[in-house]
file upload38.pdb (PDB, C-alpha atoms)
ATOM      1  CA  MET A 264       1.223  10.947  -7.665
ATOM      2  CA  ARG A 265       4.845  11.000  -8.727
ATOM      3  CA  ARG A 266       8.134  10.712  -6.913
ATOM      4  CA  LYS A 267      10.739  13.369  -7.466
ATOM      5  CA  PHE A 268      13.609  11.418  -5.959
ATOM      6  CA  SER A 269      14.151   7.759  -5.275
ATOM      7  CA  ILE A 270      13.207   6.266  -1.913
ATOM      8  CA  PRO A 271      15.219   3.588  -0.092
ATOM      9  CA  VAL A 272      13.821   0.068  -0.448
ATOM     10  CA  ALA A 273      11.617  -0.727   2.518
ATOM     11  CA  PHE A 274      11.684  -3.893   4.586
ATOM     12  CA  VAL A 275       8.123  -5.221   4.771
ATOM     13  CA  ALA A 276       7.255  -7.161   7.895
ATOM     14  CA  ALA A 277       4.023  -9.089   8.186
ATOM     15  CA  ALA A 278       1.904  -6.713  10.236
ATOM     16  CA  CYS A 279       1.414  -3.046  11.263
ATOM     17  CA  ILE A 280       3.125  -1.860   8.090
ATOM     18  CA  THR A 281       1.651   1.476   7.091
ATOM     19  CA  ALA A 282       0.691   3.058  10.385
ATOM     20  CA  GLY A 283       1.470   2.895  14.045
ATOM     21  CA  CYS A 284      -0.502   1.501  16.941
ATOM     22  CA  GLY A 285      -2.201   4.590  18.253
ATOM     23  CA  SER A 286      -1.197   7.919  19.725
ATOM     24  CA  GLY A 287      -2.401  10.262  22.433
ATOM     25  CA  THR A 288      -5.449   9.327  24.509
ATOM     26  CA  ASP A 289      -6.089  12.470  26.516
ATOM     27  CA  GLY A 290      -9.787  12.472  25.676
ATOM     28  CA  ALA A 291      -9.713  15.532  23.440
ATOM     29  CA  THR A 292     -11.890  15.569  20.347
ATOM     30  CA  ASN A 293     -10.970  17.041  16.975
ATOM     31  CA  SER A 294     -12.758  16.997  13.656
ATOM     32  CA  ALA A 295     -11.810  16.440  10.048
ATOM     33  CA  GLN A 296     -13.630  18.977   7.932
ATOM     34  CA  ARG A 297     -14.378  19.188   4.230
ATOM     35  CA  PRO A 298     -14.580  22.610   2.560
ATOM     36  CA  GLU A 299     -18.371  22.404   2.305
ATOM     37  CA  GLY A 300     -18.702  22.062   6.064
ATOM     38  CA  ASP A 301     -19.241  18.329   6.581
ATOM     39  CA  THR A 302     -17.425  17.455   9.813
ATOM     40  CA  VAL A 303     -16.659  14.125  11.430
ATOM     41  CA  ALA A 304     -15.612  14.302  15.085
ATOM     42  CA  ILE A 305     -13.007  11.748  16.138
ATOM     43  CA  SER A 306     -11.941  11.460  19.784
ATOM     44  CA  ASP A 307      -8.262  10.951  20.505
ATOM     45  CA  SER A 308      -9.232   7.867  22.484
ATOM     46  CA  ASP A 309     -10.764   6.407  19.301
ATOM     47  CA  LEU A 310      -7.671   6.837  17.130
ATOM     48  CA  ARG A 311      -6.476   3.612  15.516
ATOM     49  CA  ASP A 312      -5.221   2.193  12.250
ATOM     50  CA  LEU A 313      -7.705   1.202   9.589
ATOM     51  CA  THR A 314      -8.264  -2.463   8.838
ATOM     52  CA  VAL A 315      -7.714  -3.776   5.323
ATOM     53  CA  PRO A 316     -11.477  -4.040   4.609
ATOM     54  CA  GLU A 317     -11.867  -0.453   5.806
ATOM     55  CA  GLU A 318      -9.083   0.722   3.519
ATOM     56  CA  MET A 319     -10.808  -1.066   0.650
ATOM     57  CA  LYS A 320     -14.101   0.641   1.453
ATOM     58  CA  ILE A 321     -12.432   4.050   1.249
ATOM     59  CA  GLU A 322     -10.812   3.134  -2.065
ATOM     60  CA  TYR A 323     -14.188   2.118  -3.482
ATOM     61  CA  ALA A 324     -15.570   5.460  -2.307
ATOM     62  CA  GLU A 325     -12.697   7.281  -4.038
ATOM     63  CA  TYR A 326     -13.546   5.535  -7.292
ATOM     64  CA  THR A 327     -17.229   6.381  -6.872
ATOM     65  CA  LEU A 328     -16.454  10.064  -6.391
ATOM     66  CA  VAL A 329     -13.960  10.133  -9.263
ATOM     67  CA  LYS A 330     -16.490   8.463 -11.558
ATOM     68  CA  LYS A 331     -19.082  11.121 -10.752
ATOM     69  CA  CYS A 332     -16.521  13.897 -11.213
ATOM     70  CA  MET A 333     -15.343  12.569 -14.580
ATOM     71  CA  GLU A 334     -18.902  12.163 -15.822
ATOM     72  CA  ASN A 335     -19.561  15.768 -14.807
ATOM     73  CA  ASN A 336     -16.601  16.663 -17.029
ATOM     74  CA  GLY A 337     -18.149  14.782 -19.932
ATOM     75  CA  PHE A 338     -16.065  11.591 -19.772
ATOM     76  CA  LYS A 339     -16.692   7.945 -19.003
ATOM     77  CA  PHE A 340     -15.013   6.333 -16.013
ATOM     78  CA  TRP A 341     -15.226   2.899 -14.419
ATOM     79  CA  THR A 342     -14.850   2.021 -10.735
ATOM     80  CA  GLY A 343     -12.002  -0.241  -9.676
ATOM     81  CA  PRO A 344      -9.954  -2.249  -9.613
ATOM     82  CA  VAL A 345      -9.382  -2.330  -5.859
ATOM     83  CA  ALA A 346      -6.805  -4.858  -4.701
ATOM     84  CA  SER A 347      -8.264  -7.748  -2.704
ATOM     85  CA  ALA A 348      -7.287  -8.541   0.874
ATOM     86  CA  ASP A 349      -5.326 -11.569  -0.342
ATOM     87  CA  ALA A 350      -3.488  -9.494  -2.949
ATOM     88  CA  ARG A 351      -2.387  -7.044  -0.263
ATOM     89  CA  ARG A 352      -0.622  -9.845   1.582
ATOM     90  CA  ALA A 353       1.800 -10.390  -1.292
ATOM     91  CA  GLY A 354       5.279  -8.893  -1.031
ATOM     92  CA  ARG A 355       5.798  -9.336   2.685
ATOM     93  CA  TYR A 356       9.231 -10.005   4.119
ATOM     94  CA  VAL A 357       8.360 -13.608   4.856
ATOM     95  CA  ILE A 358       5.355 -15.833   4.187
ATOM     96  CA  ASP A 359       4.186 -17.818   7.185
ATOM     97  CA  ASP A 360       0.679 -18.737   6.058
ATOM     98  CA  ILE A 361       0.987 -22.172   4.465
ATOM     99  CA  ALA A 362      -2.524 -22.173   2.993
ATOM    100  CA  TRP A 363      -1.979 -18.763   1.385
ATOM    101  CA  ALA A 364       1.402 -19.888   0.026
ATOM    102  CA  LYS A 365      -0.107 -23.027  -1.470
ATOM    103  CA  LYS A 366      -2.846 -21.035  -3.181
ATOM    104  CA  TYR A 367      -0.942 -17.925  -4.288
ATOM    105  CA  GLY A 368       2.784 -18.686  -4.138
ATOM    106  CA  TYR A 369       4.392 -15.253  -4.259
ATOM    107  CA  GLY A 370       1.378 -13.515  -5.785
ATOM    108  CA  ARG A 371       2.219 -14.007  -9.457
ATOM    109  CA  ALA A 372      -1.481 -14.214 -10.295
ATOM    110  CA  PHE A 373      -2.027 -10.794  -8.718
ATOM    111  CA  ASP A 374       0.899  -9.326 -10.657
ATOM    112  CA  GLU A 375      -0.397 -10.751 -13.926
ATOM    113  CA  ALA A 376      -3.913  -9.463 -13.256
ATOM    114  CA  ALA A 377      -2.542  -6.009 -12.468
ATOM    115  CA  GLU A 378      -0.480  -6.018 -15.662
ATOM    116  CA  LYS A 379      -3.558  -7.013 -17.659
ATOM    117  CA  ASP A 380      -5.486  -4.118 -16.104
ATOM    118  CA  ARG A 381      -2.690  -1.726 -17.046
ATOM    119  CA  ARG A 382      -3.200  -2.792 -20.658
ATOM    120  CA  ASP A 383      -6.873  -3.649 -20.978
ATOM    121  CA  HIS A 384      -8.912  -1.948 -18.267
ATOM    122  CA  PRO A 385     -11.598   0.384 -19.662
ATOM    123  CA  ASN A 386      -9.967   3.286 -17.814
ATOM    124  CA  VAL A 387      -6.892   2.641 -19.964
ATOM    125  CA  ARG A 388      -8.506   1.772 -23.275
ATOM    126  CA  TYR A 389     -11.118   4.548 -23.213
ATOM    127  CA  PRO A 390      -8.786   7.577 -22.936
ATOM    128  CA  ASN A 391      -6.277   5.988 -25.322
ATOM    129  CA  ALA A 392      -9.012   5.861 -27.954
ATOM    130  CA  LEU A 393      -9.895   9.549 -27.594
ATOM    131  CA  PRO A 394      -8.632  12.201 -30.012
ATOM    132  CA  ARG A 395      -5.447  13.827 -28.736
ATOM    133  CA  LYS A 396      -7.172  17.041 -27.647
ATOM    134  CA  ASP A 397      -9.835  15.150 -25.690
ATOM    135  CA  ARG A 398      -7.236  12.806 -24.215
ATOM    136  CA  ILE A 399      -5.377  15.802 -22.820
ATOM    137  CA  ARG A 400      -8.596  17.174 -21.347
ATOM    138  CA  TYR A 401      -9.365  13.745 -19.879
ATOM    139  CA  ASN A 402      -5.978  13.458 -18.191
ATOM    140  CA  THR A 403      -6.179  16.993 -16.837
ATOM    141  CA  ALA A 404      -9.665  16.411 -15.487
ATOM    142  CA  LEU A 405      -8.603  13.167 -13.832
ATOM    143  CA  ASN A 406      -5.106  13.932 -12.597
ATOM    144  CA  GLY A 407      -4.888  17.704 -12.485
ATOM    145  CA  ASP A 408      -1.920  19.805 -13.519
ATOM    146  CA  TYR A 409       1.538  18.502 -12.603
ATOM    147  CA  ASP A 410       2.815  22.065 -12.625
ATOM    148  CA  ASP A 411       0.632  22.732  -9.571
ATOM    149  CA  VAL A 412       1.499  20.116  -6.984
ATOM    150  CA  LEU A 413       1.758  19.417  -3.286
ATOM    151  CA  ARG A 414       5.204  18.274  -2.169
ATOM    152  CA  VAL A 415       6.248  16.270   0.854
ATOM    153  CA  ASP A 416       9.817  15.656   1.985
ATOM    154  CA  LEU A 417       9.977  12.054   3.153
ATOM    155  CA  PRO A 418      11.564  11.104   6.494
ATOM    156  CA  ALA A 419      14.171   8.850   4.875
ATOM    157  CA  GLY A 420      14.945  11.282   2.089
ATOM    158  CA  GLY A 421      13.422  12.098  -1.256
ATOM    159  CA  THR A 422      10.336  14.065  -2.214
ATOM    160  CA  ILE A 423       6.935  12.903  -3.413
ATOM    161  CA  GLU A 424       4.370  15.030  -5.230
ATOM    162  CA  THR A 425       0.682  14.989  -6.104
ATOM    163  CA  PRO A 426      -1.457  17.496  -8.047
ATOM    164  CA  ARG A 427      -3.663  19.864  -6.085
ATOM    165  CA  GLU A 428      -6.515  19.632  -8.574
ATOM    166  CA  GLY A 429      -8.282  16.997 -10.639
ATOM    167  CA  CYS A 430     -10.926  14.406  -9.837
ATOM    168  CA  TRP A 431      -8.602  12.243  -7.756
ATOM    169  CA  ALA A 432      -7.589  15.242  -5.668
ATOM    170  CA  GLY A 433     -11.224  16.285  -5.348
ATOM    171  CA  ALA A 434     -12.331  12.830  -4.225
ATOM    172  CA  ARG A 435      -9.652  12.699  -1.557
ATOM    173  CA  THR A 436     -10.509  16.188  -0.372
ATOM    174  CA  GLN A 437     -14.143  15.126   0.016
ATOM    175  CA  LEU A 438     -13.186  12.026   1.967
ATOM    176  CA  TYR A 439     -10.254  13.207   4.069
ATOM    177  CA  GLY A 440     -11.198  16.853   4.508
ATOM    178  CA  ASP A 441      -7.856  18.532   3.850
ATOM    179  CA  LEU A 442      -5.880  17.168   0.907
ATOM    180  CA  GLU A 443      -2.595  18.828   1.827
ATOM    181  CA  ALA A 444      -2.717  17.756   5.482
ATOM    182  CA  TRP A 445      -3.747  14.215   4.552
ATOM    183  CA  PHE A 446      -1.074  13.855   1.872
ATOM    184  CA  LYS A 447       1.658  15.061   4.215
ATOM    185  CA  ALA A 448       0.546  12.820   7.070
ATOM    186  CA  LYS A 449       0.019   9.751   4.890
ATOM    187  CA  LYS A 450       3.298   9.968   3.029
ATOM    188  CA  THR A 451       5.217  10.656   6.225
ATOM    189  CA  ILE A 452       3.749   7.736   8.156
ATOM    190  CA  THR A 453       3.800   5.239   5.299
ATOM    191  CA  SER A 454       7.435   6.022   4.474
ATOM    192  CA  LEU A 455       9.017   5.311   7.849
ATOM    193  CA  THR A 456      10.214   1.754   7.244
ATOM    194  CA  PRO A 457      13.683   2.695   5.914
ATOM    195  CA  LEU A 458      14.344   4.435   9.235
ATOM    196  CA  TYR A 459      14.053   1.296  11.331
ATOM    197  CA  VAL A 460      14.573  -1.589   8.896
ATOM    198  CA  PRO A 461      18.366  -1.674   9.370
ATOM    199  CA  ASP A 462      17.834  -2.020  13.125
ATOM    200  CA  ILE A 463      15.443  -4.923  12.634
ATOM    201  CA  LEU A 464      17.813  -6.757  10.329
ATOM    202  CA  ALA A 465      20.736  -6.130  12.694
ATOM    203  CA  ASP A 466      18.830  -7.283  15.768
ATOM    204  CA  GLU A 467      20.340 -10.489  17.173
ATOM    205  CA  ARG A 468      16.863 -11.937  17.683
ATOM    206  CA  MET A 469      16.186 -11.507  13.971
ATOM    207  CA  LYS A 470      19.575 -12.869  12.921
ATOM    208  CA  LYS A 471      19.147 -15.949  15.099
ATOM    209  CA  THR A 472      15.683 -16.688  13.759
ATOM    210  CA  VAL A 473      16.683 -16.123  10.127
ATOM    211  CA  GLY A 474      19.574 -18.512  10.708
ATOM    212  CA  ALA A 475      17.226 -21.174  12.047
ATOM    213  CA  TRP A 476      14.899 -20.623   9.096
ATOM    214  CA  SER A 477      17.822 -20.962   6.674
ATOM    215  CA  HIS A 478      18.843 -24.291   8.216
ATOM    216  CA  CYS A 479      15.263 -25.488   7.908
ATOM    217  CA  MET A 480      15.166 -24.495   4.247
ATOM    218  CA  LYS A 481      18.474 -26.245   3.575
ATOM    219  CA  ASP A 482      17.116 -29.420   5.148
ATOM    220  CA  ALA A 483      14.099 -29.093   2.853
ATOM    221  CA  GLY A 484      16.368 -28.948  -0.193
ATOM    222  CA  ARG A 485      15.944 -25.181  -0.612
ATOM    223  CA  PRO A 486      19.298 -23.637   0.352
ATOM    224  CA  PHE A 487      18.410 -19.976   0.803
ATOM    225  CA  SER A 488      20.085 -17.772   3.401
ATOM    226  CA  SER A 489      17.064 -15.506   3.911
ATOM    227  CA  PRO A 490      13.637 -14.650   2.499
ATOM    228  CA  ASP A 491      15.321 -11.698   0.786
ATOM    229  CA  GLU A 492      17.455 -14.097  -1.241
ATOM    230  CA  ILE A 493      14.335 -15.893  -2.435
ATOM    231  CA  ARG A 494      12.818 -12.597  -3.567
ATOM    232  CA  GLU A 495      16.020 -11.735  -5.421
ATOM    233  CA  LYS A 496      16.394 -15.078  -7.199
ATOM    234  CA  ARG A 497      12.856 -16.217  -7.931
ATOM    235  CA  ILE A 498      12.515 -13.858 -10.903
ATOM    236  CA  THR A 499      15.643 -15.125 -12.641
ATOM    237  CA  ASN A 500      14.778 -18.702 -11.700
ATOM    238  CA  THR A 501      11.416 -18.425 -13.470
ATOM    239  CA  GLU A 502      12.172 -16.094 -16.370
ATOM    240  CA  LYS A 503      12.238 -18.914 -18.944
ATOM    241  CA  MET A 504       9.172 -20.678 -17.538
ATOM    242  CA  SER A 505       5.611 -20.392 -18.759
ATOM    243  CA  SER A 506       3.142 -18.694 -16.431
ATOM    244  CA  GLU A 507       1.768 -22.061 -15.328
ATOM    245  CA  GLU A 508       5.225 -23.509 -14.700
ATOM    246  CA  ALA A 509       6.291 -20.422 -12.770
ATOM    247  CA  ARG A 510       3.182 -20.498 -10.598
ATOM    248  CA  ALA A 511       3.742 -24.159  -9.743
ATOM    249  CA  TYR A 512       7.420 -23.576  -8.946
ATOM    250  CA  GLU A 513       6.667 -20.539  -6.797
ATOM    251  CA  ALA A 514       3.840 -22.236  -4.937
ATOM    252  CA  GLU A 515       6.121 -25.133  -3.985
ATOM    253  CA  LEU A 516       8.893 -22.771  -2.923
ATOM    254  CA  ALA A 517       6.495 -20.507  -0.989
ATOM    255  CA  VAL A 518       5.073 -23.497   0.894
ATOM    256  CA  ALA A 519       8.598 -24.519   1.899
ATOM    257  CA  GLU A 520       9.300 -20.944   3.034
ATOM    258  CA  ALA A 521       6.072 -20.757   5.019
ATOM    259  CA  THR A 522       6.550 -24.179   6.586
ATOM    260  CA  CYS A 523      10.005 -23.221   7.834
ATOM    261  CA  ALA A 524       8.749 -19.800   8.950
ATOM    262  CA  VAL A 525       6.108 -21.500  11.084
ATOM    263  CA  LYS A 526       8.604 -24.002  12.522
ATOM    264  CA  THR A 527      11.123 -21.295  13.436
ATOM    265  CA  ASN A 528       8.646 -18.511  14.310
ATOM    266  CA  LEU A 529      10.287 -16.208  11.754
ATOM    267  CA  GLY A 530       6.994 -14.551  10.850
ATOM    268  CA  LYS A 531       6.110 -13.945  14.495
ATOM    269  CA  THR A 532       9.589 -12.621  15.221
ATOM    270  CA  ALA A 533       9.452 -10.246  12.242
ATOM    271  CA  ARG A 534       6.055  -8.941  13.318
ATOM    272  CA  ARG A 535       7.105  -8.492  16.932
ATOM    273  CA  LEU A 536      10.285  -6.625  16.034
ATOM    274  CA  GLU A 537       8.488  -4.525  13.436
ATOM    275  CA  ARG A 538       5.993  -3.407  16.064
ATOM    276  CA  GLU A 539       8.777  -2.700  18.547
ATOM    277  CA  TYR A 540      10.984  -0.655  16.254
ATOM    278  CA  ARG A 541       8.128   1.067  14.466
ATOM    279  CA  SER A 542       6.582   2.119  17.773
ATOM    280  CA  ALA A 543       9.862   3.726  18.803
ATOM    281  CA  THR A 544      10.123   5.531  15.455
ATOM    282  CA  LEU A 545       6.529   6.762  15.594
ATOM    283  CA  LYS A 546       7.241   8.624  18.829
ATOM    284  CA  LYS A 547       9.033  11.195  16.677
ATOM    285  CA  TYR A 548       5.985  11.544  14.425
ATOM    286  CA  ARG A 549       3.084  11.540  16.862
ATOM    287  CA  LYS A 550       1.447  14.616  15.367
ATOM    288  CA  GLU A 551       1.541  13.208  11.834
ATOM    289  CA  ASN A 552       0.355   9.796  12.995
ATOM    290  CA  SER A 553      -2.583  11.250  14.899
ATOM    291  CA  ALA A 554      -3.560  13.314  11.860
ATOM    292  CA  TYR A 555      -3.246  10.295   9.553
ATOM    293  CA  GLN A 556      -5.404   8.111  11.796
ATOM    294  CA  ARG A 557      -7.968  10.859  12.429
ATOM    295  CA  MET A 558      -8.438  11.685   8.759
ATOM    296  CA  GLY A 559      -8.549   7.992   7.859
ATOM    297  CA  LEU A 560     -11.376   7.339  10.310
ATOM    298  CA  ALA A 561     -13.206  10.427   9.074
ATOM    299  CA  ALA A 562     -12.838   9.193   5.497
ATOM    300  CA  LEU A 563     -14.198   5.801   6.548
ATOM    301  CA  SER A 564     -17.272   7.454   8.034
ATOM    302  CA  ARG A 565     -17.866   9.430   4.842
ATOM    303  CA  ALA A 566     -17.252   6.363   2.675
ATOM    304  CA  ARG A 567     -19.870   4.428   4.626
ATOM    305  CA  LYS A 568     -22.314   7.278   4.247
ATOM    306  CA  LEU A 569     -21.631   7.436   0.521
ATOM    307  CA  ALA A 570     -22.182   3.679   0.158
ATOM    308  CA  SER A 571     -25.554   3.952   1.891
ATOM    309  CA  GLU A 572     -26.852   6.719  -0.356
TER     310      GLU A 572
END

call {"tool": "encode", "arguments": {"input": "upload38.pdb", "output": "structure tokens"}}
result
Amino acid sequence: MRRKFSIPVAFVAAACITAGCGSGTDGATNSAQRPEGDTVAISDSDLRDLTVPEEMKIEYAEYTLVKKCMENNGFKFWTGPVASADARRAGRYVIDDIAWAKKYGYGRAFDEAAEKDRRDHPNVRYPNALPRKDRIRYNTALNGDYDDVLRVDLPAGGTIETPREGCWAGARTQLYGDLEAWFKAKKTITSLTPLYVPDILADERMKKTVGAWSHCMKDAGRPFSSPDEIREKRITNTEKMSSEEARAYEAELAVAEATCAVKTNLGKTARRLEREYRSATLKKYRKENSAYQRMGLAALSRARKLASE
């Protein structure tokens, strides 16, 4: 996928980030259907967000289908990597899990592993070693033609695109049933944060709690005004350090952040306000949210079936 225009930076609270907390429950039943006729019926009363392990299962299934597709096109392909549950917790607005902070800091190890994969993963090295003509065929088989794309206008502005064809598109069609409908629903629902983030940050409950957290950090010898300031400064503060030194520094700082977040309930406040403001925003996108949840649950069912075969 590629973005056509830039998207405002999103505030990331600690829970309920990429989807809402349900939609209509009138008892109706709809189905997500693949072109070949495989249907998965999902009742409105069963609609919900996927858990992280469920999202991971679908991603593994995507890789499995892409691998098969690429092999059918005469190329090698390797499954993974799929980000771990711990890796997906990195990058939140505030850390309030002291054990996680002590072990991972701000997720530098995940960033370094991802960078290594971008250089050394077989799915990178293999196509790079192909003759130019075969490399072009490989990329077209995998990613499709970027002159033939689906486009979605995002709620906060900007446009995002993805090819209609290719093994990735085919895998998602098999799992979600309707690539265009899924892409529109997903990108709409997962791009809502810029619409309500300013309200969260301006909320007096948030300001009061951030202020208490800042005082706690100052008392701990870490004078930061907000978690945002830490995110802004930690890169420059560690740019001349070795990887080991940076990890140690960040772990100590993250533990201080998490300790103060627990003492002041900043994490809980951020989560509560995120749910509150996101729920209000989702009321404007009920149709898209229902479609996103329905197709996600259908994809989970198909992923489970694929894993059992």

call {"tool": "closest_residue", "arguments": {"input": "upload38.pdb", "among": "A:Leu442, A:Ala448, A:Ala533, A:Val415", "to": "Tyr548 of chain A", "atoms": "all atoms listed in the file"}}
result
A:Ala448

call {"tool": "resolve_selection", "arguments": {"input": "upload38.pdb", "expression": "the PyMOL selection byres ((chain A and resi 487-492) around 12)", "output": "PDB file with C-alpha atoms, in the frame of the given file"}}
result
ATOM      1  CA  VAL A 272      13.821   0.068  -0.448  1.00  0.00           C
ATOM      2  CA  ALA A 273      11.617  -0.727   2.518  1.00  0.00           C
ATOM      3  CA  PHE A 274      11.684  -3.893   4.586  1.00  0.00           C
ATOM      4  CA  VAL A 275       8.123  -5.221   4.771  1.00  0.00           C
ATOM      5  CA  ALA A 276       7.255  -7.161   7.895  1.00  0.00           C
ATOM      6  CA  GLY A 354       5.279  -8.893  -1.031  1.00  0.00           C
ATOM      7  CA  ARG A 355       5.798  -9.336   2.685  1.00  0.00           C
ATOM      8  CA  TYR A 356       9.231 -10.005   4.119  1.00  0.00           C
ATOM      9  CA  VAL A 357       8.360 -13.608   4.856  1.00  0.00           C
ATOM     10  CA  ILE A 358       5.355 -15.833   4.187  1.00  0.00           C
ATOM     11  CA  ASP A 359       4.186 -17.818   7.185  1.00  0.00           C
ATOM     12  CA  TYR A 369       4.392 -15.253  -4.259  1.00  0.00           C
ATOM     13  CA  LEU A 464      17.813  -6.757  10.329  1.00  0.00           C
ATOM     14  CA  MET A 469      16.186 -11.507  13.971  1.00  0.00           C
ATOM     15  CA  LYS A 470      19.575 -12.869  12.921  1.00  0.00           C
ATOM     16  CA  LYS A 471      19.147 -15.949  15.099  1.00  0.00           C
ATOM     17  CA  THR A 472      15.683 -16.688  13.759  1.00  0.00           C
ATOM     18  CA  VAL A 473      16.683 -16.123  10.127  1.00  0.00           C
ATOM     19  CA  GLY A 474      19.574 -18.512  10.708  1.00  0.00           C
ATOM     20  CA  ALA A 475      17.226 -21.174  12.047  1.00  0.00           C
ATOM     21  CA  TRP A 476      14.899 -20.623   9.096  1.00  0.00           C
ATOM     22  CA  SER A 477      17.822 -20.962   6.674  1.00  0.00           C
ATOM     23  CA  HIS A 478      18.843 -24.291   8.216  1.00  0.00           C
ATOM     24  CA  CYS A 479      15.263 -25.488   7.908  1.00  0.00           C
ATOM     25  CA  MET A 480      15.166 -24.495   4.247  1.00  0.00           C
ATOM     26  CA  LYS A 481      18.474 -26.245   3.575  1.00  0.00           C
ATOM     27  CA  ASP A 482      17.116 -29.420   5.148  1.00  0.00           C
ATOM     28  CA  ALA A 483      14.099 -29.093   2.853  1.00  0.00           C
ATOM     29  CA  GLY A 484      16.368 -28.948  -0.193  1.00  0.00           C
ATOM     30  CA  ARG A 485      15.944 -25.181  -0.612  1.00  0.00           C
ATOM     31  CA  PRO A 486      19.298 -23.637   0.352  1.00  0.00           C
ATOM     32  CA  ILE A 493      14.335 -15.893  -2.435  1.00  0.00           C
ATOM     33  CA  ARG A 494      12.818 -12.597  -3.567  1.00  0.00           C
ATOM     34  CA  GLU A 495      16.020 -11.735  -5.421  1.00  0.00           C
ATOM     35  CA  LYS A 496      16.394 -15.078  -7.199  1.00  0.00           C
ATOM     36  CA  ARG A 497      12.856 -16.217  -7.931  1.00  0.00           C
ATOM     37  CA  ILE A 498      12.515 -13.858 -10.903  1.00  0.00           C
ATOM     38  CA  THR A 499      15.643 -15.125 -12.641  1.00  0.00           C
ATOM     39  CA  ASN A 500      14.778 -18.702 -11.700  1.00  0.00           C
ATOM     40  CA  LEU A 516       8.893 -22.771  -2.923  1.00  0.00           C
ATOM     41  CA  ALA A 517       6.495 -20.507  -0.989  1.00  0.00           C
ATOM     42  CA  ALA A 519       8.598 -24.519   1.899  1.00  0.00           C
ATOM     43  CA  GLU A 520       9.300 -20.944   3.034  1.00  0.00           C
ATOM     44  CA  ALA A 521       6.072 -20.757   5.019  1.00  0.00           C
ATOM     45  CA  CYS A 523      10.005 -23.221   7.834  1.00  0.00           C
ATOM     46  CA  ALA A 524       8.749 -19.800   8.950  1.00  0.00           C
ATOM     47  CA  LEU A 529      10.287 -16.208  11.754  1.00  0.00           C
ATOM     48  CA  GLY A 530       6.994 -14.551  10.850  1.00  0.00           C
ATOM     49  CA  ALA A 533       9.452 -10.246  12.242  1.00  0.00           C
TER      50      ALA A 533
END

call {"tool": "resolve_selection", "arguments": {"input": "upload38.pdb", "expression": "the PyMOL selection byres ((chain A and resi 559) around 10)", "output": "PyMOL selection string"}}
result
chain A and resi 295+310-313+317-318+321+438-440+445+449+553-558+560-565

call {"tool": "residues_near_point", "arguments": {"input": "upload38.pdb", "point": "(-16.4, 13.4, -14.6)", "cutoff": "12 Å", "atoms": "all atoms listed in the file", "output": "PDB file with C-alpha atoms, in the coordinates of the input"}}
result
ATOM      1  CA  TYR A 326     -13.546   5.535  -7.292  1.00  0.00           C
ATOM      2  CA  THR A 327     -17.229   6.381  -6.872  1.00  0.00           C
ATOM      3  CA  LEU A 328     -16.454  10.064  -6.391  1.00  0.00           C
ATOM      4  CA  VAL A 329     -13.960  10.133  -9.263  1.00  0.00           C
ATOM      5  CA  LYS A 330     -16.490   8.463 -11.558  1.00  0.00           C
ATOM      6  CA  LYS A 331     -19.082  11.121 -10.752  1.00  0.00           C
ATOM      7  CA  CYS A 332     -16.521  13.897 -11.213  1.00  0.00           C
ATOM      8  CA  MET A 333     -15.343  12.569 -14.580  1.00  0.00           C
ATOM      9  CA  GLU A 334     -18.902  12.163 -15.822  1.00  0.00           C
ATOM     10  CA  ASN A 335     -19.561  15.768 -14.807  1.00  0.00           C
ATOM     11  CA  ASN A 336     -16.601  16.663 -17.029  1.00  0.00           C
ATOM     12  CA  GLY A 337     -18.149  14.782 -19.932  1.00  0.00           C
ATOM     13  CA  PHE A 338     -16.065  11.591 -19.772  1.00  0.00           C
ATOM     14  CA  LYS A 339     -16.692   7.945 -19.003  1.00  0.00           C
ATOM     15  CA  PHE A 340     -15.013   6.333 -16.013  1.00  0.00           C
ATOM     16  CA  TRP A 341     -15.226   2.899 -14.419  1.00  0.00           C
ATOM     17  CA  ARG A 400      -8.596  17.174 -21.347  1.00  0.00           C
ATOM     18  CA  TYR A 401      -9.365  13.745 -19.879  1.00  0.00           C
ATOM     19  CA  ASN A 402      -5.978  13.458 -18.191  1.00  0.00           C
ATOM     20  CA  THR A 403      -6.179  16.993 -16.837  1.00  0.00           C
ATOM     21  CA  ALA A 404      -9.665  16.411 -15.487  1.00  0.00           C
ATOM     22  CA  LEU A 405      -8.603  13.167 -13.832  1.00  0.00           C
ATOM     23  CA  ASN A 406      -5.106  13.932 -12.597  1.00  0.00           C
ATOM     24  CA  GLY A 429      -8.282  16.997 -10.639  1.00  0.00           C
ATOM     25  CA  CYS A 430     -10.926  14.406  -9.837  1.00  0.00           C
ATOM     26  CA  TRP A 431      -8.602  12.243  -7.756  1.00  0.00           C
ATOM     27  CA  GLY A 433     -11.224  16.285  -5.348  1.00  0.00           C
ATOM     28  CA  ALA A 434     -12.331  12.830  -4.225  1.00  0.00           C
TER      29      ALA A 434
END

call {"tool": "closest_residue", "arguments": {"input": "upload38.pdb", "among": "A:Arg388, A:Gly370, A:Arg381, A:Ala348", "to": "Ser506 of chain A", "atoms": "all atoms listed in the file"}}
result
A:Gly370

call {"tool": "closest_residue", "arguments": {"input": "upload38.pdb", "among": "A:Ala376, A:Ala570, A:Ala511, A:Ala304", "to": "Ala364 of chain A", "atoms": "all atoms listed in the file"}}
result
A:Ala511

call {"tool": "atom_distance", "arguments": {"input": "upload38.pdb", "atom1": "atom CA of Thr544 of chain A", "atom2": "atom CA of Leu455 of chain A"}}
result
7.7 Å

call {"tool": "atom_distance", "arguments": {"input": "upload38.pdb", "atom1": "atom CA of Ile423 of chain A", "atom2": "atom CA of Ala372 of chain A"}}
result
29.2 Å
